[in-house]
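Source file: upload31.txt. Holds: compact mmCIF, C-alpha atoms.
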# COMPACT_ATOMS: atom_id res chain seq x y z
CA MET A 1 -11.83 -10.81 29.67
CA LYS A 2 -11.30 -11.05 25.93
CA GLU A 3 -8.12 -12.58 24.52
CA TYR A 4 -6.94 -12.30 20.91
CA ARG A 5 -3.76 -13.46 19.23
CA PHE A 6 -1.89 -11.22 16.79
CA VAL A 7 1.07 -11.68 14.46
CA GLN A 8 3.30 -8.79 13.45
CA VAL A 9 5.10 -8.91 10.11
CA ASP A 10 7.18 -6.63 7.94
CA VAL A 11 5.81 -6.38 4.40
CA PHE A 12 7.60 -5.70 1.11
CA THR A 13 10.92 -6.86 2.51
CA ASP A 14 12.75 -10.12 3.24
CA THR A 15 14.66 -8.57 6.14
CA PRO A 16 13.29 -7.97 9.66
CA PHE A 17 12.82 -4.29 10.53
CA GLY A 18 12.60 -3.30 6.87
CA GLY A 19 9.44 -2.80 4.84
CA ASN A 20 6.13 -1.77 6.38
CA PRO A 21 5.07 -3.28 9.72
CA LEU A 22 1.61 -4.79 10.04
CA ALA A 23 -0.33 -6.37 12.91
CA VAL A 24 -2.74 -9.15 11.93
CA PHE A 25 -5.47 -10.52 14.20
CA PRO A 26 -6.14 -13.85 12.43
CA GLU A 27 -9.17 -14.86 14.53
CA ALA A 28 -11.13 -11.63 15.02
CA GLU A 29 -14.61 -13.08 15.52
CA GLY A 30 -16.36 -11.38 18.44
CA LEU A 31 -14.61 -8.02 18.12
CA THR A 32 -16.78 -4.98 17.57
CA SER A 33 -15.85 -2.25 15.11
CA LYS A 34 -15.08 0.02 18.06
CA GLU A 35 -12.75 -2.57 19.58
CA MET A 36 -10.98 -3.09 16.24
CA GLN A 37 -10.35 0.64 16.05
CA GLN A 38 -9.09 0.69 19.64
CA LEU A 39 -6.73 -2.20 18.92
CA ALA A 40 -5.43 -0.49 15.79
CA ARG A 41 -4.73 2.62 17.85
CA GLU A 42 -2.99 0.49 20.47
CA MET A 43 -0.83 -1.25 17.85
CA ASN A 44 -0.01 2.25 16.51
CA LEU A 45 1.13 0.95 13.11
CA SER A 46 0.06 2.40 9.79
CA GLU A 47 -2.49 -0.44 9.52
CA THR A 48 -3.84 -3.39 11.49
CA THR A 49 -6.02 -6.12 9.97
CA PHE A 50 -8.77 -8.32 11.39
CA VAL A 51 -9.67 -11.63 9.75
CA LEU A 52 -13.28 -12.85 9.81
CA PRO A 53 -15.35 -15.54 8.10
CA PRO A 54 -16.39 -14.46 4.58
CA GLU A 55 -19.87 -13.17 3.82
CA GLU A 56 -19.58 -12.72 0.05
CA PRO A 57 -19.71 -15.66 -2.39
CA GLY A 58 -16.32 -16.60 -3.75
CA ALA A 59 -14.33 -15.15 -0.86
CA ASP A 60 -12.08 -17.27 1.36
CA PHE A 61 -11.76 -14.72 4.17
CA LYS A 62 -13.18 -11.34 5.10
CA VAL A 63 -10.51 -8.81 6.07
CA ARG A 64 -11.07 -5.42 7.70
CA ILE A 65 -8.28 -2.84 7.64
CA PHE A 66 -7.80 -0.05 10.20
CA THR A 67 -5.32 2.80 10.52
CA PRO A 68 -4.90 4.32 14.02
CA THR A 69 -7.77 6.71 13.19
CA ARG A 70 -10.16 5.06 10.73
CA GLU A 71 -11.17 2.00 8.71
CA LEU A 72 -10.04 1.69 5.09
CA PRO A 73 -11.84 -0.15 2.27
CA PHE A 74 -8.54 -1.29 0.80
CA ALA A 75 -4.80 -0.96 1.35
CA GLY A 76 -1.88 -2.77 -0.22
CA HIS A 77 0.59 -3.90 2.40
CA PRO A 78 -2.18 -5.07 4.80
CA VAL A 79 -3.57 -7.33 2.07
CA VAL A 80 -0.16 -8.77 1.15
CA GLY A 81 0.85 -9.25 4.78
CA THR A 82 -2.44 -10.83 5.84
CA HIS A 83 -2.28 -13.34 2.99
CA TRP A 84 1.21 -14.35 4.13
CA VAL A 85 0.19 -14.67 7.79
CA LEU A 86 -2.80 -16.91 7.05
CA ALA A 87 -0.60 -19.19 4.94
CA HIS A 88 2.10 -19.14 7.64
CA LEU A 89 -0.48 -20.22 10.25
CA GLY A 90 -1.77 -23.07 8.09
CA ARG A 91 -5.13 -21.44 7.39
CA VAL A 92 -4.52 -21.80 3.64
CA ALA A 93 -3.70 -25.06 1.86
CA ILE A 94 -0.78 -23.90 -0.28
CA GLN A 95 0.35 -25.71 -3.41
CA GLU A 96 3.29 -25.06 -5.71
CA PRO A 97 3.85 -23.09 -7.80
CA THR A 98 0.90 -20.75 -7.15
CA THR A 99 -2.09 -20.76 -4.84
CA GLU A 100 -4.93 -18.26 -5.33
CA VAL A 101 -6.74 -16.89 -2.28
CA ARG A 102 -9.58 -14.37 -2.38
CA PHE A 103 -10.25 -11.71 0.27
CA GLU A 104 -13.53 -9.95 0.85
CA LEU A 105 -12.55 -6.30 1.31
CA GLY A 106 -14.35 -2.99 1.46
CA VAL A 107 -13.92 -2.63 -2.32
CA GLY A 108 -15.20 -6.13 -3.09
CA VAL A 109 -13.67 -9.58 -3.47
CA LEU A 110 -10.09 -9.45 -4.80
CA PRO A 111 -7.70 -12.33 -5.52
CA ALA A 112 -4.02 -12.73 -4.71
CA ASP A 113 -1.50 -15.29 -5.90
CA LEU A 114 0.75 -16.91 -3.30
CA GLU A 115 3.98 -17.92 -5.03
CA VAL A 116 5.12 -21.12 -3.29
CA VAL A 117 8.65 -22.57 -3.34
CA GLY A 118 9.70 -25.51 -1.18
CA GLY A 119 6.43 -25.47 0.72
CA GLN A 120 6.84 -21.82 1.75
CA VAL A 121 5.22 -18.65 0.43
CA GLU A 122 8.03 -16.74 -1.24
CA ARG A 123 5.99 -13.80 -2.54
CA VAL A 124 2.41 -12.55 -2.44
CA VAL A 125 1.05 -10.83 -5.56
CA MET A 126 -2.30 -9.09 -5.13
CA THR A 127 -4.62 -7.99 -7.89
CA GLN A 128 -6.00 -4.48 -7.43
CA ASP A 129 -9.05 -2.79 -8.91
CA ARG A 130 -8.96 -1.56 -12.49
CA PRO A 131 -7.48 1.95 -12.31
CA ALA A 132 -9.65 5.04 -12.32
CA PHE A 133 -8.07 8.36 -13.28
CA HIS A 134 -9.58 11.28 -11.40
CA ALA A 135 -8.92 15.00 -10.94
CA VAL A 136 -5.77 16.78 -12.04
CA LEU A 137 -4.46 19.43 -9.62
CA GLU A 138 -3.78 22.37 -11.93
CA ASP A 139 -2.56 24.83 -9.28
CA VAL A 140 0.28 23.22 -7.32
CA THR A 141 0.94 26.23 -5.04
CA ASP A 142 -0.52 24.69 -1.87
CA LEU A 143 0.95 21.30 -2.68
CA ALA A 144 4.45 22.69 -3.18
CA ALA A 145 4.16 24.74 0.01
CA GLY A 146 2.97 21.70 1.90
CA LEU A 147 5.97 19.68 0.76
CA GLY A 148 8.42 22.54 1.25
CA LEU A 149 9.44 22.62 -2.42
CA PRO A 150 9.33 25.32 -5.09
CA PRO A 151 6.46 24.81 -7.57
CA GLU A 152 9.05 24.32 -10.34
CA ALA A 153 10.19 21.06 -8.69
CA ILE A 154 6.80 19.63 -9.68
CA GLN A 155 6.03 21.56 -12.86
CA GLU A 156 9.34 20.89 -14.63
CA VAL A 157 8.72 17.13 -14.78
CA GLY A 158 6.03 17.64 -17.41
CA LEU A 159 3.64 15.10 -15.88
CA PRO A 160 0.31 15.99 -14.22
CA VAL A 161 -0.42 15.91 -10.51
CA GLN A 162 -3.35 13.52 -10.64
CA VAL A 163 -5.49 11.41 -8.36
CA VAL A 164 -5.51 7.74 -9.39
CA SER A 165 -7.30 4.87 -7.68
CA THR A 166 -6.90 1.13 -7.80
CA GLY A 167 -9.04 0.88 -4.68
CA VAL A 168 -8.19 4.09 -2.79
CA PRO A 169 -7.88 7.54 -4.48
CA GLN A 170 -4.31 8.81 -4.06
CA MET A 171 -2.49 11.84 -5.45
CA MET A 172 0.48 11.14 -7.75
CA VAL A 173 3.09 13.92 -7.49
CA PRO A 174 6.09 13.86 -9.84
CA ILE A 175 9.29 15.51 -8.55
CA ARG A 176 12.16 16.48 -10.84
CA SER A 177 15.04 14.95 -8.84
CA LEU A 178 15.88 12.13 -6.46
CA GLY A 179 17.64 14.57 -4.13
CA GLU A 180 14.51 16.68 -3.71
CA VAL A 181 12.44 13.60 -2.87
CA GLN A 182 15.06 12.37 -0.40
CA GLY A 183 15.25 15.82 1.21
CA LEU A 184 11.58 15.93 2.20
CA ASP A 185 11.05 15.83 5.97
CA ALA A 186 7.77 14.33 7.17
CA GLY A 187 8.17 16.19 10.47
CA ARG A 188 8.44 19.56 8.74
CA LEU A 189 5.65 19.36 6.21
CA ASN A 190 3.23 22.29 6.10
CA ILE A 191 0.25 20.13 7.04
CA PRO A 192 -2.49 22.79 6.56
CA ALA A 193 -1.23 23.56 3.04
CA LEU A 194 -0.87 19.86 2.21
CA ASN A 195 -4.37 19.13 3.48
CA GLU A 196 -5.74 22.01 1.41
CA ALA A 197 -4.21 20.48 -1.72
CA CYS A 198 -5.69 17.10 -0.79
CA ARG A 199 -9.15 18.56 -0.26
CA ALA A 200 -9.00 20.24 -3.67
CA VAL A 201 -8.89 16.83 -5.38
CA ASP A 202 -10.69 14.76 -2.73
CA THR A 203 -7.93 12.50 -1.43
CA ASP A 204 -6.14 11.82 1.86
CA CYS A 205 -2.88 10.47 0.43
CA VAL A 206 0.08 12.10 -1.31
CA LEU A 207 2.60 9.93 -3.17
CA VAL A 208 5.70 11.75 -4.38
CA PHE A 209 8.09 10.07 -6.81
CA ALA A 210 11.18 10.60 -8.89
CA LEU A 211 12.04 8.60 -11.99
CA GLU A 212 15.62 8.61 -10.70
CA PRO A 213 15.99 5.70 -8.25
CA GLU A 214 18.80 4.99 -5.80
CA ARG A 215 19.23 1.36 -6.88
CA PRO A 216 20.15 0.50 -10.46
CA GLU A 217 17.54 -2.25 -10.69
CA ALA A 218 14.69 0.05 -9.58
CA THR A 219 12.39 2.09 -11.80
CA VAL A 220 11.11 4.74 -9.41
CA HIS A 221 11.84 6.19 -5.96
CA VAL A 222 8.72 6.77 -3.85
CA ARG A 223 7.62 8.44 -0.63
CA MET A 224 4.08 8.48 0.74
CA PHE A 225 2.51 10.98 3.17
CA ALA A 226 -0.97 10.62 4.67
CA PRO A 227 -1.29 12.89 7.73
CA LEU A 228 -5.08 13.01 7.33
CA LEU A 229 -5.10 9.25 8.03
CA GLY A 230 -2.81 9.59 11.06
CA VAL A 231 0.19 8.32 9.05
CA PRO A 232 2.87 11.04 8.71
CA GLU A 233 4.86 8.83 6.31
CA ASP A 234 4.36 5.26 5.16
CA PRO A 235 7.43 3.10 4.45
CA ALA A 236 5.79 0.85 1.82
CA THR A 237 2.39 1.47 0.24
CA GLY A 238 1.02 -1.27 -1.99
CA SER A 239 -2.19 0.48 -3.01
CA ALA A 240 -0.43 3.73 -3.91
CA ASN A 241 2.29 1.94 -5.87
CA GLY A 242 -0.36 0.08 -7.86
CA ALA A 243 -1.97 3.42 -8.70
CA LEU A 244 1.47 4.82 -9.54
CA GLY A 245 2.16 1.93 -11.91
CA ALA A 246 -1.11 2.62 -13.72
CA TYR A 247 -0.30 6.35 -13.85
CA LEU A 248 3.18 5.77 -15.29
CA VAL A 249 1.84 3.45 -17.98
CA HIS A 250 -1.15 5.67 -18.75
CA HIS A 251 1.08 8.73 -19.26
CA ARG A 252 3.86 6.75 -20.97
CA ALA A 253 6.34 7.90 -18.32
CA VAL A 254 8.06 4.50 -18.47
CA ALA A 255 8.77 2.14 -21.34
CA VAL A 256 5.49 0.28 -21.87
CA THR A 257 5.91 -3.40 -22.71
CA GLU A 258 3.51 -5.45 -24.81
CA GLU A 259 0.96 -7.12 -22.51
CA THR A 260 2.73 -6.51 -19.14
CA THR A 261 4.92 -3.62 -17.97
CA HIS A 262 7.11 -4.43 -14.95
CA ILE A 263 7.99 -1.64 -12.53
CA LEU A 264 10.24 -2.00 -9.49
CA SER A 265 9.48 0.61 -6.84
CA GLU A 266 11.80 1.48 -3.95
CA GLN A 267 10.35 3.13 -0.85
CA GLY A 268 11.06 3.55 2.86
CA ALA A 269 14.80 4.22 2.80
CA GLU A 270 14.37 7.65 4.40
CA LEU A 271 12.63 5.96 7.35
CA GLY A 272 15.34 3.34 7.72
CA ARG A 273 12.89 0.69 6.44
CA PRO A 274 13.92 -0.04 2.84
CA SER A 275 11.14 -1.67 0.85
CA THR A 276 10.79 -3.26 -2.58
CA LEU A 277 7.48 -3.46 -4.43
CA TYR A 278 7.01 -5.35 -7.68
CA VAL A 279 4.33 -3.71 -9.83
CA GLU A 280 2.82 -5.31 -12.94
CA VAL A 281 0.52 -3.41 -15.28
CA ASP A 282 -1.29 -5.27 -18.07
CA SER A 283 -2.44 -3.21 -21.04
CA SER A 284 -3.90 -3.73 -24.48
CA ASN A 285 -4.60 -1.11 -27.15
CA ASP A 286 -3.72 1.71 -24.72
CA GLU A 287 -6.19 0.40 -22.14
CA ILE A 288 -4.98 -0.84 -18.75
CA THR A 289 -6.64 -4.17 -18.04
CA ALA A 290 -5.04 -5.23 -14.73
CA VAL A 291 -2.74 -3.98 -11.97
CA ARG A 292 -0.86 -6.25 -9.59
CA VAL A 293 1.53 -5.49 -6.73
CA GLY A 294 3.70 -8.08 -5.01
CA GLY A 295 6.40 -8.46 -2.44
CA GLU A 296 8.02 -10.53 0.27
CA VAL A 297 6.95 -10.74 3.93
CA VAL A 298 8.88 -11.64 7.10
CA ALA A 299 7.49 -12.39 10.57
CA VAL A 300 8.92 -10.44 13.51
CA ALA A 301 6.62 -10.95 16.51
CA GLU A 302 3.62 -12.79 17.92
CA GLY A 303 1.57 -12.02 20.98
CA THR A 304 -1.76 -11.87 22.77
CA VAL A 305 -3.92 -8.89 23.65
CA ARG A 306 -6.15 -9.16 26.74
CA PHE A 307 -8.76 -6.61 27.70

Structure translated into structure tokens:
Amino acid sequence: MKEYRFVQVDVFTDTPFGGNPLAVFPEAEGLTSKEMQQLAREMNLSETTFVLPPEEPGADFKVRIFTPTRELPFAGHPVVGTHWVLAHLGRVAIQEPTTEVRFELGVGVLPADLEVVGGQVERVVMTQDRPAFHAVLEDVTDLAAGLGLPPEAIQEVGLPVQVVSTGVPQMMVPIRSLGEVQGLDAGRLNIPALNEACRAVDTDCVLVFALEPERPEATVHVRMFAPLLGVPEDPATGSANGALGAYLVHHRAVAVTEETTHILSEQGAELGRPSTLYVEVDSSNDEITAVRVGGEVVAVAEGTVRF
């Protein structure tokens, strides 16, 4: 019989039962890829991570990320949450004010900064890939039908529907009002139409946003749908929010600050899991040079799987 410990955390929140839940298997040596996928399906969370010894030079840990249906090369909240768990378990020698740790992921070796206060990790800030700007969806008919909105709700914003990647290609969809974003129902999406729109620009993920947040301190209100990945709606999506930050800076949809633009993204309220993501976009001479996404993490459960 095999026996593996896991830790479950909520990511991008400092309150239990908020943010995005994540299961982390911190000692995954001996598990096959098939078993990792089975465990991710059993956990039935948007993602589950498995920590292994590194194989690439310069990496401290190798981390594999699985949704209930497939493995991902990169995802935001799994990276942030796994960094926090390894520090929490004493696998990382943390030092104030900042400790850098590097994960070997499917997209390469990427660093994160652990912000340490009083001997505890207060926030994890991960560096994502340099953004790549891909296809623009010119005809939004299928997309609007998939979301259950009139095409004008997208077109009137004046920003493109575009696929952007900071590790995973994801579709950025501007919506003209907060109320229309809040009114979307993940259980009533027209999945065939939404999938058709995704296939047209070669992505599995649809991020909708309004530049009209609920909270006065926030910049943008976000929802994320990925039915093709087995995730009807995600309560906090680090990779997509990094891509969104790059998109907003690239298209000058927010006030761009010299060197670093700070964006506060709110997500998950419609699922009863309010989340806060801190996005930083570095730019120089109209070129984006770095994207970082950070947030808090809180532990909620620990256990053992035997099979």

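Taking only C-alpha atoms, the non-local environment of A:Gly30 within 12 Å (same-chain residues fewer than 2 positions away omitted) comprises Lys2, Glu3, Tyr4, Phe25, Glu27, Ala28, Thr32, Ser33, Lys34, Glu35, Met36, Phe50, Val51, Leu52 and Pro53 of chain A.
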
Within 12 Å of A:Arg41, counting only C-alpha atoms, which residues qualify if same-chain residues fewer than 5 places away don't, as a compact mmCIF listing (two decimals) with C-alpha atoms, in the coordinates of the input?
# COMPACT_ATOMS: atom_id res chain seq x y z
CA ALA A 23 -0.33 -6.37 12.91
CA LYS A 34 -15.08 0.02 18.06
CA GLU A 35 -12.75 -2.57 19.58
CA MET A 36 -10.98 -3.09 16.24
CA SER A 46 0.06 2.40 9.79
CA GLU A 47 -2.49 -0.44 9.52
CA THR A 48 -3.84 -3.39 11.49
CA THR A 49 -6.02 -6.12 9.97
CA PHE A 66 -7.80 -0.05 10.20
CA THR A 67 -5.32 2.80 10.52
CA PRO A 68 -4.90 4.32 14.02
CA THR A 69 -7.77 6.71 13.19
CA ARG A 70 -10.16 5.06 10.73
CA GLU A 71 -11.17 2.00 8.71
CA LEU A 229 -5.10 9.25 8.03
CA GLY A 230 -2.81 9.59 11.06
CA VAL A 231 0.19 8.32 9.05

Considering all atoms listed in the file, give me a table of residues in stretch 206-286 of chain A that are at most 8 Å from stretch 167-170 of chain A, with the closest atom pair and distance in Å for each, as JSON lines.
{"residue": "A:Val206", "atom": "CA", "partner": "A:Gln170", "partner_atom": "CA", "distance": 6.1}
{"residue": "A:Leu207", "atom": "CA", "partner": "A:Gln170", "partner_atom": "CA", "distance": 7.1}
{"residue": "A:Ser239", "atom": "CA", "partner": "A:Val168", "partner_atom": "CA", "distance": 7.0}
{"residue": "A:Ala240", "atom": "CA", "partner": "A:Gln170", "partner_atom": "CA", "distance": 6.4}
{"residue": "A:Ala243", "atom": "CA", "partner": "A:Gln170", "partner_atom": "CA", "distance": 7.5}

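For the pair atom CA of A:Val208 and atom CA of A:Leu114, the interatomic distance is 29.1 Å.
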
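A straight line drawn from atom CA of A:Arg223 to atom CA of A:Asn190 is 16.0 Å long.
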
Could you name the residues that touch A:Ala112 at 6 Å or less, counting all atoms listed in the file, but leaving out those on the same chain fewer than 6 positions away, as a count of residues only?
5

In terms of all atoms listed in the file, the residue from A:Asn241, A:Thr219, A:Thr261, A:Gln8 at minimal distance from A:Thr289 is A:Thr261

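Comparing A:Leu45, A:Val279, A:Leu22, A:Val79 by their smallest distance to A:Arg64, the closest is A:Val79 (using only C-alpha atoms).
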
Atom CA of A:Leu137 to atom CA of A:Arg252: how many Å, to one decimal?
18.9 Å

Top pick for closest residue to A:Gly268, considering A:Val173, A:Leu72, A:Met224, A:Met43 and counting all atoms listed in the file:
A:Met224

Would you be able to write out as a PDB file with C-alpha atoms, in the coordinates of the input which residues have an atom within 9 Å of (13.7, 7.2, -9.2) in the file's coordinates, counting all atoms listed in the file?
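Saved result, point-v1.pdb, follows:
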ATOM      1  CA  SER A 177      15.040  14.950  -8.840  1.00  0.00           C
ATOM      2  CA  LEU A 178      15.880  12.130  -6.460  1.00  0.00           C
ATOM      3  CA  PHE A 209       8.090  10.070  -6.810  1.00  0.00           C
ATOM      4  CA  ALA A 210      11.180  10.600  -8.890  1.00  0.00           C
ATOM      5  CA  LEU A 211      12.040   8.600 -11.990  1.00  0.00           C
ATOM      6  CA  GLU A 212      15.620   8.610 -10.700  1.00  0.00           C
ATOM      7  CA  PRO A 213      15.990   5.700  -8.250  1.00  0.00           C
ATOM      8  CA  GLU A 214      18.800   4.990  -5.800  1.00  0.00           C
ATOM      9  CA  ARG A 215      19.230   1.360  -6.880  1.00  0.00           C
ATOM     10  CA  ALA A 218      14.690   0.050  -9.580  1.00  0.00           C
ATOM     11  CA  THR A 219      12.390   2.090 -11.800  1.00  0.00           C
ATOM     12  CA  VAL A 220      11.110   4.740  -9.410  1.00  0.00           C
ATOM     13  CA  HIS A 221      11.840   6.190  -5.960  1.00  0.00           C
ATOM     14  CA  VAL A 222       8.720   6.770  -3.850  1.00  0.00           C
ATOM     15  CA  SER A 265       9.480   0.610  -6.840  1.00  0.00           C
ATOM     16  CA  GLU A 266      11.800   1.480  -3.950  1.00  0.00           C
TER      17      GLU A 266
END

What's around A:Gly238 at 7 Å? Count all atoms listed in the file, leave out sequence neighbours fewer than 5 positions away in its own chain, and write the answer as a PyMOL selection string.
chain A and resi 75-77+293

Any chance you can output those residues with C-alpha atoms as a PDB file, in the frame of the given file?
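Output below, filename result.pdb:
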ATOM      1  CA  ALA A  75      -4.800  -0.960   1.350  1.00  0.00           C
ATOM      2  CA  GLY A  76      -1.880  -2.770  -0.220  1.00  0.00           C
ATOM      3  CA  HIS A  77       0.590  -3.900   2.400  1.00  0.00           C
ATOM      4  CA  VAL A 293       1.530  -5.490  -6.730  1.00  0.00           C
TER       5      VAL A 293
END

Spatial neighbours of A:Leu147, 8 Å, all atoms listed in the file, chain gap at least 5 places, as a PyMOL selection string:
chain A and resi 184+189-190+194

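Nearest residue to A:Glu287 among A:Thr237, A:Val161, A:Arg130, A:Gln155 is A:Arg130, counting all atoms listed in the file.
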
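Between A:Asp185 and the candidates A:Asp14, A:Asp202, A:Glu233, A:Glu29, the tightest atom-to-atom separation, counting only C-alpha atoms, involves A:Glu233.
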
Restricting to all atoms listed in the file, whichever of A:Val181, A:Met172, A:Ala144, A:Ala193 is closest to A:Gly245 is A:Met172

Would you mind writing stretch 281-289 of chain A with all heavy atoms, as a tab-separated table (two decimals), keeping the file's coordinate frame?
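Everything below was put into part.tsv:
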chain	number	residue	atom	x	y	z
A	281	VAL	N	1.66	-4.08	-14.66
A	281	VAL	CA	0.52	-3.41	-15.28
A	281	VAL	C	0.26	-4.05	-16.64
A	281	VAL	O	1.11	-3.98	-17.54
A	281	VAL	CB	0.78	-1.90	-15.44
A	281	VAL	CG1	-0.45	-1.22	-16.05
A	281	VAL	CG2	1.13	-1.27	-14.11
A	282	ASP	N	-0.89	-4.68	-16.79
A	282	ASP	CA	-1.29	-5.27	-18.07
A	282	ASP	C	-2.04	-4.22	-18.88
A	282	ASP	O	-2.89	-3.48	-18.34
A	282	ASP	CB	-2.22	-6.47	-17.86
A	282	ASP	CG	-1.53	-7.63	-17.17
A	282	ASP	OD1	-0.29	-7.61	-17.05
A	282	ASP	OD2	-2.24	-8.56	-16.74
A	283	SER	N	-1.73	-4.16	-20.18
A	283	SER	CA	-2.44	-3.21	-21.04
A	283	SER	C	-2.59	-3.79	-22.43
A	283	SER	O	-1.81	-4.64	-22.87
A	283	SER	CB	-1.70	-1.88	-21.10
A	283	SER	OG	-0.37	-2.05	-21.57
A	284	SER	N	-3.63	-3.30	-23.11
A	284	SER	CA	-3.90	-3.73	-24.48
A	284	SER	C	-4.58	-2.59	-25.20
A	284	SER	O	-5.57	-2.03	-24.70
A	284	SER	CB	-4.80	-4.97	-24.48
A	284	SER	OG	-5.14	-5.35	-25.79
A	285	ASN	N	-4.03	-2.21	-26.36
A	285	ASN	CA	-4.60	-1.11	-27.15
A	285	ASN	C	-4.78	0.15	-26.31
A	285	ASN	O	-5.84	0.79	-26.33
A	285	ASN	CB	-5.94	-1.53	-27.76
A	285	ASN	CG	-5.79	-2.70	-28.72
A	285	ASN	OD1	-4.81	-2.79	-29.46
A	285	ASN	ND2	-6.76	-3.62	-28.68
A	286	ASP	N	-3.75	0.50	-25.55
A	286	ASP	CA	-3.72	1.71	-24.72
A	286	ASP	C	-4.72	1.68	-23.57
A	286	ASP	O	-4.95	2.71	-22.92
A	286	ASP	CB	-3.96	2.97	-25.57
A	286	ASP	CG	-2.84	3.23	-26.54
A	286	ASP	OD1	-1.68	2.89	-26.21
A	286	ASP	OD2	-3.10	3.78	-27.63
A	287	GLU	N	-5.28	0.53	-23.28
A	287	GLU	CA	-6.19	0.40	-22.14
A	287	GLU	C	-5.55	-0.50	-21.09
A	287	GLU	O	-5.08	-1.60	-21.40
A	287	GLU	CB	-7.53	-0.18	-22.56
A	287	GLU	CG	-8.51	-0.33	-21.39
A	287	GLU	CD	-9.83	-0.96	-21.81
A	287	GLU	OE1	-10.00	-1.25	-23.00
A	287	GLU	OE2	-10.67	-1.18	-20.92
A	288	ILE	N	-5.53	-0.03	-19.84
A	288	ILE	CA	-4.98	-0.84	-18.75
A	288	ILE	C	-6.05	-1.85	-18.32
A	288	ILE	O	-7.17	-1.47	-17.97
A	288	ILE	CB	-4.55	0.06	-17.58
A	288	ILE	CG1	-3.38	0.95	-18.03
A	288	ILE	CG2	-4.14	-0.78	-16.38
A	288	ILE	CD1	-2.98	2.00	-17.02
A	289	THR	N	-5.68	-3.11	-18.33
A	289	THR	CA	-6.64	-4.17	-18.04
A	289	THR	C	-6.45	-4.80	-16.66
A	289	THR	O	-7.37	-5.44	-16.15
A	289	THR	CB	-6.55	-5.27	-19.11
A	289	THR	OG1	-5.20	-5.76	-19.18
A	289	THR	CG2	-6.95	-4.72	-20.48
